[in-house]
$ cat model-v2.txt   # compact mmCIF, C-alpha atoms
# COMPACT_ATOMS: atom_id res chain seq x y z
CA MET A 45 1.45 34.95 120.31
CA ASP A 46 -1.67 36.24 118.65
CA ASN A 47 -0.89 37.92 115.31
CA ALA A 48 -3.49 40.61 116.00
CA LEU A 49 -1.63 41.64 119.18
CA LEU A 50 1.63 41.96 117.26
CA ILE A 51 0.02 44.04 114.52
CA GLU A 52 -1.65 46.25 117.14
CA ALA A 53 1.65 46.76 118.99
CA VAL A 54 3.55 47.62 115.79
CA ASN A 55 0.90 50.22 114.91
CA GLN A 56 0.42 51.68 118.39
CA THR A 57 1.39 55.34 118.60
CA MET A 58 3.48 56.52 121.54
CA PRO A 59 1.05 58.69 123.52
CA PHE A 60 3.52 60.76 125.58
CA GLY A 61 7.06 61.99 125.99
CA LYS A 62 9.78 62.98 123.59
CA TYR A 63 8.62 60.49 120.96
CA ALA A 64 4.87 61.15 121.22
CA GLY A 65 3.16 60.44 117.91
CA ARG A 66 5.68 57.85 116.68
CA LYS A 67 4.75 54.24 116.04
CA LEU A 68 6.23 51.97 118.70
CA LEU A 69 8.17 50.08 116.03
CA HIS A 70 9.89 53.34 115.09
CA LEU A 71 11.05 54.23 118.61
CA PRO A 72 14.84 54.39 118.97
CA GLU A 73 16.41 51.36 120.62
CA PRO A 74 18.14 53.42 123.36
CA TYR A 75 14.71 54.74 124.42
CA LEU A 76 13.38 51.20 124.76
CA VAL A 77 16.53 50.14 126.63
CA TRP A 78 15.95 53.04 129.04
CA PHE A 79 12.37 51.86 129.62
CA HIS A 80 13.67 48.32 130.16
CA LYS A 81 16.05 49.56 132.86
CA GLN A 82 13.45 51.83 134.53
CA GLY A 83 10.60 49.34 134.24
CA PHE A 84 7.85 49.30 131.65
CA PRO A 85 4.45 50.71 132.67
CA GLN A 86 2.13 48.12 134.19
CA ASN A 87 -0.50 48.33 131.47
CA LYS A 88 -1.15 47.39 127.85
CA LEU A 89 1.25 50.06 126.57
CA GLY A 90 3.96 48.67 128.84
CA GLN A 91 3.43 45.21 127.39
CA GLN A 92 3.64 46.63 123.87
CA LEU A 93 6.82 48.56 124.70
CA ALA A 94 8.37 45.41 126.17
CA LEU A 95 7.49 43.56 122.96
CA MET A 96 9.11 46.29 120.84
CA TYR A 97 12.19 46.10 123.08
CA GLU A 98 12.47 42.38 122.28
CA VAL A 99 11.90 43.07 118.58
CA LYS A 100 14.71 45.64 118.50
CA LEU A 101 17.00 43.52 120.67
CA ASN A 102 16.69 40.65 118.20
CA GLY A 103 16.93 42.81 115.05
CA LEU A 104 13.44 42.01 113.77
CA GLU A 105 12.29 45.54 112.85
CA SER A 106 12.72 45.04 109.11
CA MET A 107 10.67 41.85 109.23
CA LEU A 108 7.79 43.67 110.95
CA ALA A 109 7.99 46.91 108.94
CA PRO A 110 5.45 45.69 106.32
CA LEU A 111 2.85 45.43 109.12
CA VAL A 112 2.92 49.20 109.77
CA LYS A 113 -0.21 50.90 108.49
CA LYS A 114 0.24 54.25 106.79

$ encode --input "model-v2.txt" --output "structure tokens"
Amino acid sequence: MDNALLIEAVNQTMPFGKYAGRKLLHLPEPYLVWFHKQGFPQNKLGQQLALMYEVKLNGLESMLAPLVKK
């Protein structure tokens, strides 16, 4: 995986819904599980959400937290 894609996904802001304005890394795990069950959007955001789902599923949030830009 390209490091730039990971950094971009971690810093992507959720553009819609209940958690609009939050960084994808900071989305609650149940929200990502819901997306996983419903199906991620078929676009770049969907790919980033799927990546964050895998990050949360494997408990890697704390390892990626330093990549979040303020």

$ closest_atom_pairs --input "model-v2.txt" --of "stretch 77-99 of chain A" --to "stretch 50-59 of chain A" --cutoff "9 Å" --atoms "all atoms listed in the file" --output "CSV"
residue,atom,partner,partner_atom,distance
A:Leu89,CA,A:Ala53,CA,8.3
A:Gln91,CA,A:Ala53,CA,8.7
A:Gln92,CA,A:Ala53,CA,5.3
A:Leu93,CA,A:Ala53,CA,7.9
A:Leu95,CA,A:Ala53,CA,7.8
A:Met96,CA,A:Val54,CA,7.6

$ atom_distance --input "model-v2.txt" --atom1 "atom CA of A:Lys114" --atom2 "atom CA of A:Gly61"
21.8 Å

$ closest_residue --input "model-v2.txt" --among "A:Leu111, A:Ala48, A:Lys88, A:Ala94" --to "A:Leu71" --atoms "all atoms listed in the file"
A:Ala94

$ atom_distance --input "model-v2.txt" --atom1 "atom CA of A:Pro72" --atom2 "atom CA of A:Lys100"
8.8 Å

$ closest_residue --input "model-v2.txt" --among "A:Ala64, A:Gly90, A:His80, A:Glu73" --to "A:Asn102" --atoms "all atoms listed in the file"
A:Glu73

$ residues_around --input "model-v2.txt" --residues "A:Glu105" --least-positions-apart "6" --cutoff "9 Å" --atoms "all atoms listed in the file" --output "list in words"
Leu69, His70, Met96 and Val99 of chain A

$ decode --input "model-v2.txt" --residues "stretch 63-100 of chain A" --atoms "N, CA and C atoms" --output "compact mmCIF listing (two decimals), in the first residue's frame"
# COMPACT_ATOMS: atom_id res chain seq x y z
N TYR A 63 -21.87 11.98 11.20
CA TYR A 63 -20.49 12.26 11.59
C TYR A 63 -19.77 13.17 10.60
N ALA A 64 -20.52 13.97 9.85
CA ALA A 64 -19.93 14.92 8.91
C ALA A 64 -18.95 15.83 9.64
N GLY A 65 -17.79 16.01 9.04
CA GLY A 65 -16.77 16.89 9.62
C GLY A 65 -15.72 16.15 10.44
N ARG A 66 -15.96 14.89 10.76
CA ARG A 66 -14.97 14.11 11.52
C ARG A 66 -13.97 13.45 10.58
N LYS A 67 -12.74 13.31 11.04
CA LYS A 67 -11.74 12.56 10.29
C LYS A 67 -12.19 11.10 10.26
N LEU A 68 -11.92 10.42 9.16
CA LEU A 68 -12.34 9.02 9.04
C LEU A 68 -11.75 8.16 10.15
N LEU A 69 -10.53 8.45 10.56
CA LEU A 69 -9.91 7.67 11.63
C LEU A 69 -10.69 7.80 12.95
N HIS A 70 -11.41 8.90 13.11
CA HIS A 70 -12.13 9.15 14.36
C HIS A 70 -13.60 8.72 14.30
N LEU A 71 -14.00 8.07 13.23
CA LEU A 71 -15.38 7.57 13.16
C LEU A 71 -15.54 6.41 14.14
N PRO A 72 -16.69 6.28 14.78
CA PRO A 72 -16.92 5.16 15.70
C PRO A 72 -16.93 3.83 14.94
N GLU A 73 -16.40 2.81 15.57
CA GLU A 73 -16.36 1.49 14.95
C GLU A 73 -17.74 0.98 14.55
N PRO A 74 -18.78 1.14 15.39
CA PRO A 74 -20.11 0.65 14.98
C PRO A 74 -20.61 1.29 13.68
N TYR A 75 -20.25 2.53 13.43
CA TYR A 75 -20.63 3.21 12.19
C TYR A 75 -19.95 2.55 10.99
N LEU A 76 -18.68 2.22 11.14
CA LEU A 76 -17.96 1.55 10.07
C LEU A 76 -18.46 0.11 9.86
N VAL A 77 -18.84 -0.54 10.95
CA VAL A 77 -19.42 -1.89 10.85
C VAL A 77 -20.74 -1.82 10.09
N TRP A 78 -21.55 -0.80 10.36
CA TRP A 78 -22.81 -0.60 9.65
C TRP A 78 -22.55 -0.44 8.16
N PHE A 79 -21.58 0.41 7.81
CA PHE A 79 -21.22 0.59 6.40
C PHE A 79 -20.78 -0.74 5.79
N HIS A 80 -20.00 -1.50 6.53
CA HIS A 80 -19.52 -2.79 6.03
C HIS A 80 -20.70 -3.72 5.70
N LYS A 81 -21.70 -3.72 6.57
CA LYS A 81 -22.88 -4.57 6.34
C LYS A 81 -23.74 -4.07 5.18
N GLN A 82 -23.86 -2.74 5.06
CA GLN A 82 -24.71 -2.14 4.02
C GLN A 82 -24.00 -2.11 2.66
N GLY A 83 -22.69 -2.05 2.71
CA GLY A 83 -21.89 -1.91 1.49
C GLY A 83 -21.30 -0.51 1.43
N PHE A 84 -20.00 -0.44 1.26
CA PHE A 84 -19.33 0.85 1.16
C PHE A 84 -19.66 1.49 -0.19
N PRO A 85 -19.68 2.82 -0.26
CA PRO A 85 -19.89 3.48 -1.55
C PRO A 85 -18.85 3.02 -2.57
N GLN A 86 -19.23 3.01 -3.83
CA GLN A 86 -18.34 2.57 -4.89
C GLN A 86 -17.54 3.75 -5.44
N ASN A 87 -16.74 4.35 -4.57
CA ASN A 87 -15.90 5.47 -4.97
C ASN A 87 -14.69 5.54 -4.04
N LYS A 88 -13.92 6.60 -4.18
CA LYS A 88 -12.71 6.75 -3.36
C LYS A 88 -13.05 6.79 -1.87
N LEU A 89 -14.11 7.50 -1.51
CA LEU A 89 -14.50 7.57 -0.10
C LEU A 89 -14.85 6.18 0.42
N GLY A 90 -15.52 5.38 -0.39
CA GLY A 90 -15.85 4.02 0.01
C GLY A 90 -14.60 3.19 0.27
N GLN A 91 -13.60 3.36 -0.57
CA GLN A 91 -12.34 2.65 -0.37
C GLN A 91 -11.66 3.10 0.93
N GLN A 92 -11.72 4.40 1.20
CA GLN A 92 -11.13 4.93 2.43
C GLN A 92 -11.90 4.44 3.65
N LEU A 93 -13.21 4.40 3.58
CA LEU A 93 -14.01 3.89 4.69
C LEU A 93 -13.72 2.41 4.94
N ALA A 94 -13.57 1.65 3.88
CA ALA A 94 -13.24 0.22 4.01
C ALA A 94 -11.88 0.06 4.68
N LEU A 95 -10.94 0.92 4.33
CA LEU A 95 -9.62 0.87 4.95
C LEU A 95 -9.71 1.20 6.44
N MET A 96 -10.50 2.21 6.80
CA MET A 96 -10.66 2.56 8.21
C MET A 96 -11.38 1.46 8.97
N TYR A 97 -12.29 0.76 8.31
CA TYR A 97 -12.95 -0.40 8.93
C TYR A 97 -11.89 -1.45 9.29
N GLU A 98 -10.99 -1.74 8.38
CA GLU A 98 -9.93 -2.72 8.64
C GLU A 98 -8.99 -2.24 9.75
N VAL A 99 -8.70 -0.95 9.75
CA VAL A 99 -7.84 -0.37 10.80
C VAL A 99 -8.48 -0.58 12.16
N LYS A 100 -9.76 -0.23 12.27
CA LYS A 100 -10.47 -0.37 13.56
C LYS A 100 -10.61 -1.84 13.95
